[in-house]
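S.K.: Next comes query.cif, mmCIF, C-alpha atoms:
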data_protein
loop_
_atom_site.label_atom_id
_atom_site.label_comp_id
_atom_site.auth_asym_id
_atom_site.auth_seq_id
_atom_site.Cartn_x
_atom_site.Cartn_y
_atom_site.Cartn_z
CA MET Z 24 -194.94 -47.42 -30.69
CA LEU Z 25 -196.01 -45.11 -33.52
CA LEU Z 26 -196.49 -46.47 -37.02
CA TYR Z 27 -197.21 -45.03 -40.42
CA GLN Z 28 -200.38 -46.15 -42.14
CA ASN Z 29 -198.36 -48.64 -44.23
CA GLY Z 30 -196.97 -50.26 -41.07
CA GLU Z 31 -193.54 -48.67 -41.24
CA THR Z 32 -192.20 -47.52 -37.89
CA PHE Z 33 -192.27 -43.82 -37.12
CA ALA Z 34 -191.02 -43.89 -33.54
CA LEU Z 35 -189.61 -46.67 -31.39
CA GLY Z 36 -189.19 -44.86 -28.10
CA SER Z 37 -191.16 -42.56 -25.86
CA SER Z 38 -190.92 -40.75 -22.59
CA ARG Z 39 -193.24 -38.65 -20.48
CA TYR Z 40 -192.31 -35.02 -20.20
CA PRO Z 41 -193.26 -32.17 -17.85
CA LEU Z 42 -194.43 -28.85 -19.21
CA HIS Z 43 -193.19 -25.89 -17.20
CA PRO Z 44 -191.20 -22.64 -17.50
CA THR Z 45 -187.41 -22.65 -17.52
CA ILE Z 46 -187.28 -20.51 -14.40
CA ASN Z 47 -189.83 -19.67 -11.75
CA GLY Z 48 -191.95 -16.71 -12.73
CA GLU Z 49 -191.52 -17.14 -16.47
CA GLN Z 50 -194.83 -17.25 -18.36
CA ILE Z 51 -194.00 -19.60 -21.24
CA ASN Z 52 -194.09 -23.33 -20.64
CA ARG Z 53 -191.50 -25.57 -22.30
CA ILE Z 54 -191.28 -29.25 -23.07
CA PHE Z 55 -188.52 -30.87 -21.00
CA ILE Z 56 -187.18 -34.23 -22.05
CA PRO Z 57 -184.57 -36.49 -20.47
CA ILE Z 58 -181.17 -36.56 -22.16
CA ILE Z 59 -177.87 -38.24 -21.45
CA VAL Z 60 -174.60 -36.55 -22.35
CA GLY Z 61 -171.55 -38.63 -21.58
CA ASN Z 62 -172.53 -40.33 -18.32
CA LEU Z 63 -174.67 -37.44 -17.20
CA GLU Z 64 -178.42 -37.44 -17.03
CA ALA Z 65 -180.15 -34.12 -17.50
CA ARG Z 66 -183.40 -32.54 -18.58
CA ALA Z 67 -183.30 -30.27 -21.60
CA TYR Z 68 -186.04 -28.23 -23.20
CA LEU Z 69 -186.99 -28.24 -26.86
CA ASP Z 70 -186.36 -25.10 -28.88
CA THR Z 71 -187.34 -25.80 -32.46
CA GLY Z 72 -186.27 -22.27 -33.44
CA GLY Z 73 -182.84 -22.78 -31.91
CA ILE Z 74 -179.61 -24.28 -33.10
CA PHE Z 75 -177.20 -26.79 -31.56
CA LEU Z 76 -177.35 -28.36 -28.11
CA ILE Z 77 -176.68 -25.52 -25.70
CA CYS Z 78 -175.14 -27.02 -22.58
CA HIS Z 79 -175.28 -25.68 -19.07
CA PRO Z 80 -171.85 -25.41 -17.42
CA THR Z 81 -172.76 -28.23 -15.05
CA ILE Z 82 -172.63 -30.56 -18.01
CA SER Z 83 -169.59 -29.00 -19.64
CA THR Z 84 -167.56 -29.18 -16.44
CA GLU Z 85 -168.21 -32.91 -16.16
CA LEU Z 86 -167.44 -33.61 -19.81
CA LYS Z 87 -163.94 -32.13 -19.39
CA LEU Z 88 -163.64 -31.13 -23.03
CA ASN Z 89 -160.54 -29.27 -24.12
CA PRO Z 90 -161.62 -25.78 -25.29
CA ARG Z 91 -158.72 -25.77 -27.77
CA GLU Z 92 -160.31 -28.68 -29.60
CA GLY Z 93 -163.51 -26.75 -30.19
CA ILE Z 94 -164.53 -23.82 -32.36
CA PRO Z 95 -164.80 -20.49 -30.48
CA TYR Z 96 -168.41 -19.33 -30.44
CA THR Z 97 -170.52 -16.78 -28.59
CA ILE Z 98 -174.22 -16.87 -27.84
CA ASN Z 99 -176.54 -14.18 -26.57
CA PHE Z 100 -178.92 -15.59 -24.02
CA ARG Z 101 -181.42 -13.38 -22.21
CA GLY Z 102 -179.19 -10.35 -22.57
CA ASN Z 103 -176.06 -12.20 -21.53
CA LYS Z 104 -173.15 -12.66 -23.90
CA ILE Z 105 -171.77 -16.12 -23.23
CA ASP Z 106 -168.43 -17.19 -24.68
CA GLY Z 107 -167.55 -20.80 -25.23
CA ASN Z 108 -166.75 -23.38 -27.88
CA LEU Z 109 -168.60 -25.68 -30.24
CA HIS Z 110 -167.81 -29.38 -29.94
CA SER Z 111 -169.10 -32.57 -31.46
CA ILE Z 112 -170.54 -34.76 -28.69
CA ASP Z 113 -172.81 -37.78 -28.27
CA LEU Z 114 -176.37 -37.04 -27.21
CA GLU Z 115 -178.64 -39.86 -26.08
CA ILE Z 116 -182.37 -39.50 -25.84
CA PRO Z 117 -183.23 -42.30 -23.43
CA ALA Z 118 -186.56 -44.03 -23.55
CA GLU Z 119 -188.95 -44.61 -20.70
CA ASP Z 120 -190.68 -47.09 -22.95
CA GLY Z 121 -189.35 -48.66 -26.13
CA GLU Z 122 -185.89 -47.83 -27.44
CA GLY Z 123 -183.57 -44.88 -27.01
CA ILE Z 124 -181.36 -43.31 -29.67
CA LYS Z 125 -177.94 -41.73 -29.65
CA PHE Z 126 -176.74 -39.05 -32.07
CA LYS Z 127 -173.57 -37.10 -32.62
CA VAL Z 128 -174.54 -33.44 -32.45
CA THR Z 129 -172.98 -30.00 -32.36
CA ALA Z 130 -172.95 -28.67 -28.82
CA PHE Z 131 -172.10 -25.28 -27.38
CA ILE Z 132 -170.00 -25.60 -24.24
CA PRO Z 133 -169.73 -22.35 -22.26
CA ASP Z 134 -166.42 -21.24 -20.84
CA GLU Z 135 -166.09 -21.28 -17.09
CA ASN Z 136 -167.09 -17.83 -15.93
CA PRO Z 137 -167.41 -17.20 -12.19
CA ASN Z 138 -169.10 -13.84 -12.84
CA MET Z 139 -171.95 -15.32 -14.88
CA ASP Z 140 -175.32 -15.72 -13.18
CA TRP Z 141 -176.27 -19.21 -14.30
CA SER Z 142 -179.56 -19.14 -12.41
CA LYS Z 143 -181.10 -17.59 -15.53
CA PHE Z 144 -179.83 -20.51 -17.57
CA PRO Z 145 -180.54 -23.65 -15.54
CA PHE Z 146 -181.29 -26.15 -18.32
CA PRO Z 147 -179.64 -27.37 -21.51
CA ILE Z 148 -181.45 -26.42 -24.71
CA LEU Z 149 -182.14 -28.82 -27.56
CA GLY Z 150 -182.09 -26.75 -30.73
CA TYR Z 151 -183.37 -27.98 -34.04
CA HIS Z 152 -180.53 -27.42 -36.50
CA GLY Z 153 -177.39 -29.30 -35.61
CA CYS Z 154 -179.22 -31.32 -33.00
CA LEU Z 155 -182.79 -32.51 -33.57
CA GLU Z 156 -183.06 -32.09 -37.31
CA PHE Z 157 -182.81 -35.79 -38.17
CA ILE Z 158 -184.83 -37.08 -35.25
CA ARG Z 159 -188.47 -37.93 -35.74
CA PHE Z 160 -190.60 -36.76 -32.90
CA ALA Z 161 -194.23 -36.39 -32.07
CA ILE Z 162 -195.96 -34.89 -29.06
CA ASP Z 163 -199.00 -36.10 -27.16
CA PRO Z 164 -199.66 -32.99 -25.08
CA ARG Z 165 -202.03 -34.36 -22.48
CA ILE Z 166 -201.86 -37.99 -21.50
CA GLN Z 167 -203.68 -37.84 -18.18
CA GLU Z 168 -206.61 -35.64 -17.25
CA GLU Z 169 -205.42 -35.38 -13.65
CA GLN Z 170 -201.95 -34.17 -14.72
CA PRO Z 171 -202.48 -31.58 -17.47
CA SER Z 172 -198.82 -30.51 -17.41
CA VAL Z 173 -197.54 -33.96 -18.32
CA GLY Z 174 -197.28 -35.10 -21.93
CA ARG Z 175 -195.49 -37.79 -23.87
CA ILE Z 176 -192.89 -37.41 -26.57
CA TYR Z 177 -192.36 -40.16 -29.16
CA PHE Z 178 -189.06 -40.28 -31.01
CA GLY Z 179 -187.17 -42.29 -33.56
CA CYS Z 180 -184.40 -41.94 -36.08
CA THR Z 181 -184.86 -41.15 -39.73
CA THR Z 182 -183.80 -43.88 -42.10
CA MET U 6 -175.32 7.31 -59.85
CA THR U 7 -172.12 6.48 -58.04
CA VAL U 8 -171.83 7.79 -54.54
CA GLU U 9 -168.91 10.17 -54.17
CA ILE U 10 -168.00 11.19 -50.67
CA LYS U 11 -164.94 13.30 -50.16
CA LYS U 12 -163.35 13.67 -46.79
CA GLN U 13 -165.70 15.83 -44.82
CA ARG U 14 -166.21 17.03 -41.32
CA ILE U 15 -169.73 16.37 -40.16
CA ASP U 16 -171.02 18.82 -37.64
CA HIS U 17 -174.72 18.32 -38.09
CA ARG U 18 -177.17 15.64 -39.05
CA LEU U 19 -175.95 13.98 -42.20
CA GLY U 20 -179.29 14.44 -43.90
CA LYS U 21 -179.12 18.19 -43.52
CA LYS U 22 -175.53 18.39 -44.65
CA PHE U 23 -175.99 16.10 -47.64
CA PRO U 24 -179.69 15.97 -48.46
CA ASN U 25 -179.21 14.42 -51.88
CA LEU U 26 -176.76 11.86 -50.63
CA ARG U 27 -179.19 10.71 -47.99
CA ASN U 28 -181.88 10.06 -50.54
CA VAL U 29 -179.66 8.19 -52.93
CA THR U 30 -177.74 6.06 -50.50
CA SER U 31 -180.66 5.04 -48.39
CA ILE U 32 -182.35 3.41 -51.37
CA LYS U 33 -179.19 1.64 -52.44
CA VAL U 34 -178.42 0.40 -48.99
CA GLU U 35 -181.87 -0.97 -48.43
CA GLU U 36 -182.07 -2.67 -51.78
CA ALA U 37 -178.60 -4.06 -51.71
CA ILE U 38 -178.11 -5.49 -48.28
CA GLY U 39 -181.26 -4.96 -46.30
CA LEU U 40 -179.97 -2.28 -43.99
CA SER U 41 -182.38 0.52 -43.28
CA SER U 42 -181.34 4.09 -43.86
CA THR U 43 -182.56 4.85 -40.37
CA ASP U 44 -179.97 2.50 -38.89
CA VAL U 45 -177.19 4.10 -40.85
CA PHE U 46 -177.97 7.72 -40.30
CA GLU U 47 -179.22 7.54 -36.78
CA GLY U 48 -176.02 5.81 -35.80
CA ILE U 49 -174.02 8.78 -36.99
CA THR U 50 -176.31 11.30 -35.37
CA ALA U 51 -176.27 9.45 -32.09
CA ASN U 52 -172.52 9.80 -31.92
CA ALA U 53 -172.36 13.46 -32.86
CA GLY U 54 -170.80 15.51 -30.10
CA LYS U 55 -168.80 12.61 -28.75
CA ASP U 56 -165.67 13.42 -30.68
CA ASP U 57 -163.54 12.55 -27.70
CA LEU U 58 -164.49 8.90 -28.11
CA PRO U 59 -162.57 6.67 -30.47
CA TYR U 60 -165.20 5.78 -32.99
CA ARG U 61 -165.03 3.78 -36.18
CA TRP U 62 -167.93 2.54 -38.23
CA TYR U 63 -168.05 0.87 -41.62
CA VAL U 64 -171.08 1.26 -43.81
CA PRO U 65 -171.02 -0.77 -47.02
CA LEU U 66 -172.81 0.78 -49.99
CA PHE U 67 -173.45 -0.37 -53.53
CA ASN U 68 -173.37 1.69 -56.67
CA ASN U 69 -176.15 1.46 -59.24
CA THR U 70 -174.59 -1.40 -61.19
CA GLY U 71 -174.79 -3.57 -58.08
CA LYS U 72 -171.23 -4.77 -58.66
CA GLN U 73 -168.89 -2.21 -57.25
CA LEU U 74 -168.90 -1.96 -53.48
CA ILE U 75 -167.95 1.13 -51.57
CA GLN U 76 -167.14 1.11 -47.93
CA TRP U 77 -167.92 4.26 -46.09
CA GLU U 78 -165.49 4.52 -43.27
CA ILE U 79 -166.38 6.91 -40.49
CA VAL U 80 -163.70 7.68 -37.97
CA GLY U 81 -164.82 10.20 -35.42
CA PHE U 82 -166.57 12.67 -37.65
CA GLN U 83 -164.33 12.19 -40.66
CA THR U 84 -165.68 10.30 -43.62
CA GLU U 85 -164.03 8.98 -46.71
CA HIS U 86 -164.71 6.22 -49.17
CA HIS U 87 -162.60 3.56 -50.72
CA GLN U 88 -163.06 0.31 -52.54
CA LEU U 89 -164.36 -2.63 -50.57
CA ASP U 90 -164.02 -6.26 -51.50
CA GLU U 91 -166.40 -9.08 -50.65
CA TRP U 92 -164.31 -10.21 -47.71
CA ASP U 93 -164.64 -6.80 -46.09
CA LEU U 94 -168.38 -7.22 -46.42
CA LEU U 95 -168.20 -10.56 -44.61
CA ALA U 96 -166.06 -8.96 -41.92
CA TYR U 97 -168.61 -6.17 -41.58
CA ALA U 98 -171.38 -8.77 -41.26
CA ALA U 99 -169.45 -10.50 -38.49
CA LEU U 100 -168.82 -7.21 -36.72
CA GLU U 101 -172.50 -6.28 -36.83
CA ARG U 102 -173.72 -9.88 -36.45
CA ASP U 103 -175.80 -9.37 -39.57
CA GLN U 104 -176.78 -12.59 -41.36
CA LYS U 105 -178.35 -10.79 -44.32
CA VAL U 106 -175.15 -8.95 -45.12
CA PHE U 107 -173.19 -12.17 -44.77
CA VAL U 108 -175.47 -13.97 -47.21
CA GLU U 109 -175.02 -11.14 -49.71
CA GLY U 110 -171.23 -11.14 -49.30
CA LYS U 111 -171.00 -14.91 -49.62
CA ARG U 112 -173.00 -14.80 -52.84
CA LEU U 113 -170.47 -12.43 -54.40
CA ILE U 114 -167.54 -14.81 -53.80
CA ASN U 115 -166.59 -17.49 -56.27
CA TRP U 116 -166.00 -20.27 -53.78
CA GLU U 117 -164.71 -22.74 -56.35
CA ARG U 118 -161.60 -20.61 -56.68
CA GLN U 119 -160.95 -20.08 -52.97
CA PRO U 120 -157.98 -21.65 -51.16
CA ALA U 121 -158.50 -23.65 -47.98
CA ARG U 122 -157.56 -20.73 -45.74
CA ASN U 123 -160.44 -18.68 -47.17
CA TYR U 124 -162.93 -21.44 -46.42
CA ILE U 125 -161.67 -21.43 -42.82
CA LYS U 126 -161.97 -17.65 -42.69
CA GLY U 127 -165.46 -17.86 -44.19
CA VAL U 128 -166.61 -20.40 -41.60
CA ARG U 129 -165.38 -18.27 -38.72
CA LEU U 130 -166.93 -15.09 -40.10
CA ALA U 131 -170.21 -16.93 -40.74
CA LEU U 132 -170.33 -18.09 -37.13
CA ASP U 133 -169.56 -14.56 -35.92
CA SER U 134 -172.37 -13.24 -38.14
CA GLY U 135 -174.87 -15.71 -36.72
CA ALA U 136 -175.09 -17.46 -40.10
CA ASP U 137 -174.54 -20.85 -38.49
CA LEU U 138 -175.99 -22.99 -41.25
CA ILE U 139 -173.86 -21.24 -43.87
CA ALA U 140 -170.86 -21.92 -41.63
CA ARG U 141 -171.78 -25.59 -41.75
CA GLU U 142 -172.21 -25.49 -45.54
CA LEU U 143 -168.83 -23.81 -46.04
CA ALA U 144 -167.11 -26.20 -43.64
CA MET U 145 -168.54 -29.27 -45.38
CA ASP U 146 -167.76 -27.89 -48.84
CA GLY U 147 -164.24 -26.87 -47.84
CA ALA U 148 -163.53 -30.22 -46.18
CA SER U 149 -164.67 -31.99 -49.32
CA ARG U 150 -162.45 -29.85 -51.55
CA TYR U 151 -159.43 -30.02 -49.25
CA PRO U 152 -159.47 -33.47 -47.60
CA ASP U 153 -155.88 -33.07 -46.34
CA ASN U 154 -156.50 -29.82 -44.51
CA GLU U 155 -156.78 -30.67 -40.80
CA ASP U 156 -158.41 -27.40 -39.79
CA LEU U 157 -161.18 -27.76 -42.35
CA GLN U 158 -161.70 -31.40 -41.37
CA LYS U 159 -162.09 -30.32 -37.74
CA LEU U 160 -164.58 -27.59 -38.62
CA ALA U 161 -166.60 -29.98 -40.75
CA HIS U 162 -166.55 -32.66 -38.05
CA ILE U 163 -167.88 -30.30 -35.39
CA LEU U 164 -170.43 -28.51 -37.57
CA ALA U 165 -171.65 -31.56 -39.52
CA PRO U 166 -175.36 -32.37 -39.48
CA PRO U 167 -176.36 -34.77 -36.69
CA ARG U 168 -175.61 -38.41 -37.43
CA LEU U 169 -176.89 -41.57 -35.79
CA VAL U 170 -174.45 -43.26 -33.43
CA GLU U 171 -176.67 -45.94 -31.91
CA SER U 172 -180.29 -47.01 -31.99
CA ASN U 173 -182.23 -49.78 -30.29
CA ILE U 174 -180.91 -48.70 -26.88
CA PRO U 175 -182.98 -50.47 -24.22
CA ALA U 176 -185.36 -48.35 -22.13
CA LYS U 177 -183.81 -46.94 -18.96
CA PRO U 178 -185.83 -47.62 -15.80
CA SER U 179 -184.12 -44.66 -14.08
CA VAL U 180 -185.75 -42.26 -16.55
CA LYS U 181 -189.18 -43.51 -15.54
CA SER U 182 -188.46 -43.49 -11.82
CA ASN U 183 -186.91 -39.99 -11.94
CA ASN U 184 -189.93 -38.76 -13.88
CA ASP U 185 -192.25 -40.36 -11.31
CA TRP U 186 -190.43 -38.56 -8.51
CA LEU U 187 -190.51 -35.19 -10.27
CA PHE U 188 -194.20 -35.44 -11.18
CA ALA U 189 -195.08 -36.37 -7.59
CA ASN U 190 -192.85 -33.85 -5.79
CA THR U 191 -192.76 -30.66 -7.85
CA GLN U 192 -195.03 -28.77 -5.48
CA ASN U 193 -192.90 -29.61 -2.45
CA TYR U 194 -189.49 -28.75 -3.94
CA ARG U 195 -190.24 -25.91 -6.37
CA GLY U 196 -187.25 -23.58 -6.70
CA LYS U 197 -184.81 -26.13 -5.28
CA TRP U 198 -182.08 -28.07 -7.02
CA VAL U 199 -182.32 -31.80 -6.45
CA ALA U 200 -180.10 -34.80 -7.17
CA LEU U 201 -181.94 -38.00 -8.05
CA ARG U 202 -180.71 -41.51 -8.69
CA SER U 203 -183.31 -43.96 -9.99
CA GLY U 204 -186.14 -42.05 -8.38
CA GLU U 205 -184.38 -41.68 -5.04
CA LEU U 206 -183.72 -38.19 -3.69
CA LEU U 207 -180.02 -37.88 -2.86
CA HIS U 208 -179.56 -34.19 -2.10
CA ILE U 209 -181.42 -30.88 -2.06
CA GLY U 210 -179.91 -27.39 -2.36
CA ASP U 211 -180.45 -23.82 -3.37
CA THR U 212 -177.83 -23.91 -6.13
CA VAL U 213 -176.55 -26.49 -8.55
CA GLU U 214 -173.04 -26.05 -7.14
CA GLU U 215 -174.26 -26.82 -3.64
CA VAL U 216 -175.90 -30.05 -4.76
CA ARG U 217 -173.02 -31.09 -7.03
CA ALA U 218 -170.52 -30.65 -4.19
CA GLN U 219 -172.29 -33.37 -2.20
CA ILE U 220 -172.05 -36.01 -4.93
CA LYS U 221 -168.93 -38.13 -5.30
CA ASN U 222 -169.99 -40.31 -8.22
CA ILE U 223 -172.00 -38.34 -10.74
CA GLU U 224 -172.69 -41.31 -13.02
CA GLY U 225 -176.39 -42.08 -13.27
CA VAL U 226 -177.34 -39.02 -11.22
CA LEU U 227 -179.84 -36.47 -12.45
CA ILE U 228 -179.24 -32.97 -11.08
CA THR U 229 -182.08 -30.66 -11.95
CA LEU U 230 -183.91 -27.56 -10.88
CA VAL U 231 -187.51 -28.17 -9.83
CA VAL U 232 -189.73 -25.57 -11.53
#
In C-alpha cells, how does this file's structure come out?

M.R.:
Amino acid sequence: MLLYQNGETFALGSSRYPLHPTINGEQINRIFIPIIVGNLEARAYLDTGGIFLICHPTISTELKLNPREGIPYTINFRGNKIDGNLHSIDLEIPAEDGEGIKFKVTAFIPDENPNMDWSKFPFPILGYHGCLEFIRFAIDPRIQEEQPSVGRIYFGCTT
Amino acid sequence: MTVEIKKQRIDHRLGKKFPNLRNVTSIKVEEAIGLSSTDVFEGITANAGKDDLPYRWYVPLFNNTGKQLIQWEIVGFQTEHHQLDEWDLLAYAALERDQKVFVEGKRLINWERQPARNYIKGVRLALDSGADLIARELAMDGASRYPDNEDLQKLAHILAPPRLVESNIPAKPSVKSNNDWLFANTQNYRGKWVALRSGELLHIGDTVEEVRAQIKNIEGVLITLVV
C-alpha cells in the first residue's frame, strides 16, 4: 500500500471511487467511497468541511436506532431544516484491496418525515470532524486515462 | 459610556430616533461579539409597521468595560434594558445559531465551578448554536468531572472523537464487483436507483423506496442512485 519514506505504513487499504455530482444537474463533482453501516452497504461522499456522518433515512430506517437514546439535533441541508438525533455508530470503510477499517463515529440520523423530499439528499455524507478526523487518507485522482472520473482512495488508521 | 435605554416607543428608524445611540452601540456590538450594526438595526426597521405580529428580539450589548452585559429586549416596538448573564448570551447564540456569540459567552463562564446540569445545558446550547466542536469539548470535560452523571456520560459517548473499533479487516470482493458494475453501467442507468449484490443487478427503480420494497434481505445489498 502506501508507505512513509522510513518504511512505516501510511495506508493499508484502498478502493476505487467515482467522481460525480450528488444529484443530476449539479455542477460540483464529489468523491464517493463505499461504506458499511451496520449490515448496510452504501456510497457516501467526502465533505472535509463537514461534521459527523450524515445518514440518509434509508440507512437510519434499517439501523432501527431509538431516537430517545440519541441527542436531538437539527441540520440545514440545501435550504431544508432536517430534525433528527445524533448517535454513536460503527462505520466501516471497506477495502477493495488491502485492509478495511472500522471506527465508532458520531452520526446524524434524520427523523422519519413523510413530507421531506429526500431526492435532494440521496447519499450519506462523510464529514471530517467527528467522523474522518483520525483516518489517514490520500487521493489518486486519475488512475486510468480511459476513465477520467475514476480515482483511488487510500486509507489507514492513525496510530 | 454605558448604554442607557429607557422604555421607548419606536415609530421610525432607530438611527433617526437615537442617532447617538446608534453610533455608540454599533461599535460596541461589533467589537464585542461580532454582530454587525446593520444586522441589528435593519432587523428592527424591517419589522416596523407590523405591530400586530407578536415579535420579540434580544440584542446583547456590552458596556465599555467589556464586563457588564446588557440585553436589549424588543417586544413589538417597546424597548427596555436589563442585566444579562452569560447563560442568556448562550441562549441567544442558540436562538440565532451564532457560533461567534456562543464562543464569547462560553469564555465568560468559569466552567470549573459549574454543576453537571450546566455542562448538559451548555452542550445542548452549543449544538443549537452550531458550535459542535465546543459541544464535544464541554461534553468530554463534563463527563470527566462528573463520572457518575449518566446524562453527561451519554453526551460524551455520542460526541466523542472517532475511535478505532477494528483494523485489518479483509478486503471485500463485493466492493470491487459493485464498483465494476457502476463504472460500466452509469451511462445506461443514470437517474435510476439500483440494488446491487456482489456486482449483480437485483432491482431498478425511480425511487429508493421503490427499490427497497423489492428486497427481503438487505444484508450485503448496495442500494444507490446512479448519477

S.K.: Written as a compact mmCIF listing (two decimals) with C-alpha atoms, in the frame of the given file, which residues does the PyMOL selection byres ((chain U) within 9 of (chain Z)) give for the file shown?

M.R.:
# COMPACT_ATOMS: atom_id res chain seq x y z
CA ARG U 129 -165.38 -18.27 -38.72
CA LEU U 132 -170.33 -18.09 -37.13
CA ASP U 133 -169.56 -14.56 -35.92
CA GLY U 135 -174.87 -15.71 -36.72
CA ASP U 137 -174.54 -20.85 -38.49
CA LEU U 138 -175.99 -22.99 -41.25
CA LYS U 159 -162.09 -30.32 -37.74
CA LEU U 160 -164.58 -27.59 -38.62
CA HIS U 162 -166.55 -32.66 -38.05
CA ILE U 163 -167.88 -30.30 -35.39
CA LEU U 164 -170.43 -28.51 -37.57
CA ALA U 165 -171.65 -31.56 -39.52
CA PRO U 166 -175.36 -32.37 -39.48
CA PRO U 167 -176.36 -34.77 -36.69
CA ARG U 168 -175.61 -38.41 -37.43
CA LEU U 169 -176.89 -41.57 -35.79
CA VAL U 170 -174.45 -43.26 -33.43
CA GLU U 171 -176.67 -45.94 -31.91
CA SER U 172 -180.29 -47.01 -31.99
CA ASN U 173 -182.23 -49.78 -30.29
CA ILE U 174 -180.91 -48.70 -26.88
CA PRO U 175 -182.98 -50.47 -24.22
CA ALA U 176 -185.36 -48.35 -22.13
CA LYS U 177 -183.81 -46.94 -18.96
CA PRO U 178 -185.83 -47.62 -15.80
CA SER U 179 -184.12 -44.66 -14.08
CA VAL U 180 -185.75 -42.26 -16.55
CA LYS U 181 -189.18 -43.51 -15.54
CA SER U 182 -188.46 -43.49 -11.82
CA ASN U 184 -189.93 -38.76 -13.88
CA LEU U 187 -190.51 -35.19 -10.27
CA PHE U 188 -194.20 -35.44 -11.18
CA ARG U 195 -190.24 -25.91 -6.37
CA GLY U 196 -187.25 -23.58 -6.70
CA THR U 212 -177.83 -23.91 -6.13
CA VAL U 213 -176.55 -26.49 -8.55
CA GLU U 214 -173.04 -26.05 -7.14
CA ARG U 217 -173.02 -31.09 -7.03
CA ILE U 223 -172.00 -38.34 -10.74
CA GLU U 224 -172.69 -41.31 -13.02
CA GLY U 225 -176.39 -42.08 -13.27
CA VAL U 226 -177.34 -39.02 -11.22
CA LEU U 227 -179.84 -36.47 -12.45
CA ILE U 228 -179.24 -32.97 -11.08
CA THR U 229 -182.08 -30.66 -11.95
CA LEU U 230 -183.91 -27.56 -10.88
CA VAL U 231 -187.51 -28.17 -9.83
CA VAL U 232 -189.73 -25.57 -11.53

S.K.: Work out how far CA of Leu143 in chain U is from CA of Ile132 in chain Z, in Å to one decimal.

M.R.: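 Value for the CA of Ile132 in chain Z-CA of Leu143 in chain U distance: 21.9 Å.
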
S.K.: Rounded to one decimal place, report the CA of Pro152 in chain U-CA of Pro120 in chain U distance in Å.

M.R.: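 Calculated distance between CA of Pro152 in chain U and CA of Pro120 in chain U is 12.4 Å.
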
S.K.: Rank Z:Leu76, Z:Ala34, Z:Tyr68, Z:Met24 by their smallest atom-to-atom distance to Arg159 in chain Z, using only C-alpha atoms, and report the top residue only.

M.R.: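 Closest residue, counting only C-alpha atoms: Z:Ala34.
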
S.K.: Rounded to one decimal place, report the CA of Asp156 in chain U-CA of Phe100 in chain Z distance in Å.

M.R.: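 Atom-to-atom, CA of Asp156 in chain U to CA of Phe100 in chain Z, that is 28.4 Å.
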
S.K.: Please enumerate the residues selected by the PyMOL selection byres ((chain U and resi 104) around 8) when evaluated against the supplied file, formatted as a list in words.

M.R.: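 Given this file, the PyMOL selection byres ((chain U and resi 104) around 8) evaluates to Ala98, Arg102, Asp103, Lys105, Val106, Phe107, Val108, Ala131, Ser134, Gly135 and Ala136 of chain U.
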
S.K.: When the PyMOL selection byres ((chain Z and resi 162) around 6) is applied to the file above, which residues end up in the set, as a PyMOL selection string?

M.R.: chain Z and resi 161+163-164+175-176

S.K.: Step by step: start from the point (-167.4, -23.4, -20.7) in the file's coordinates, keep every protein, DNA or RNA residue that has an atom no farther than 7 Å from it, count all atoms listed in the file, and write the set as a count of residues only.

M.R.: 7
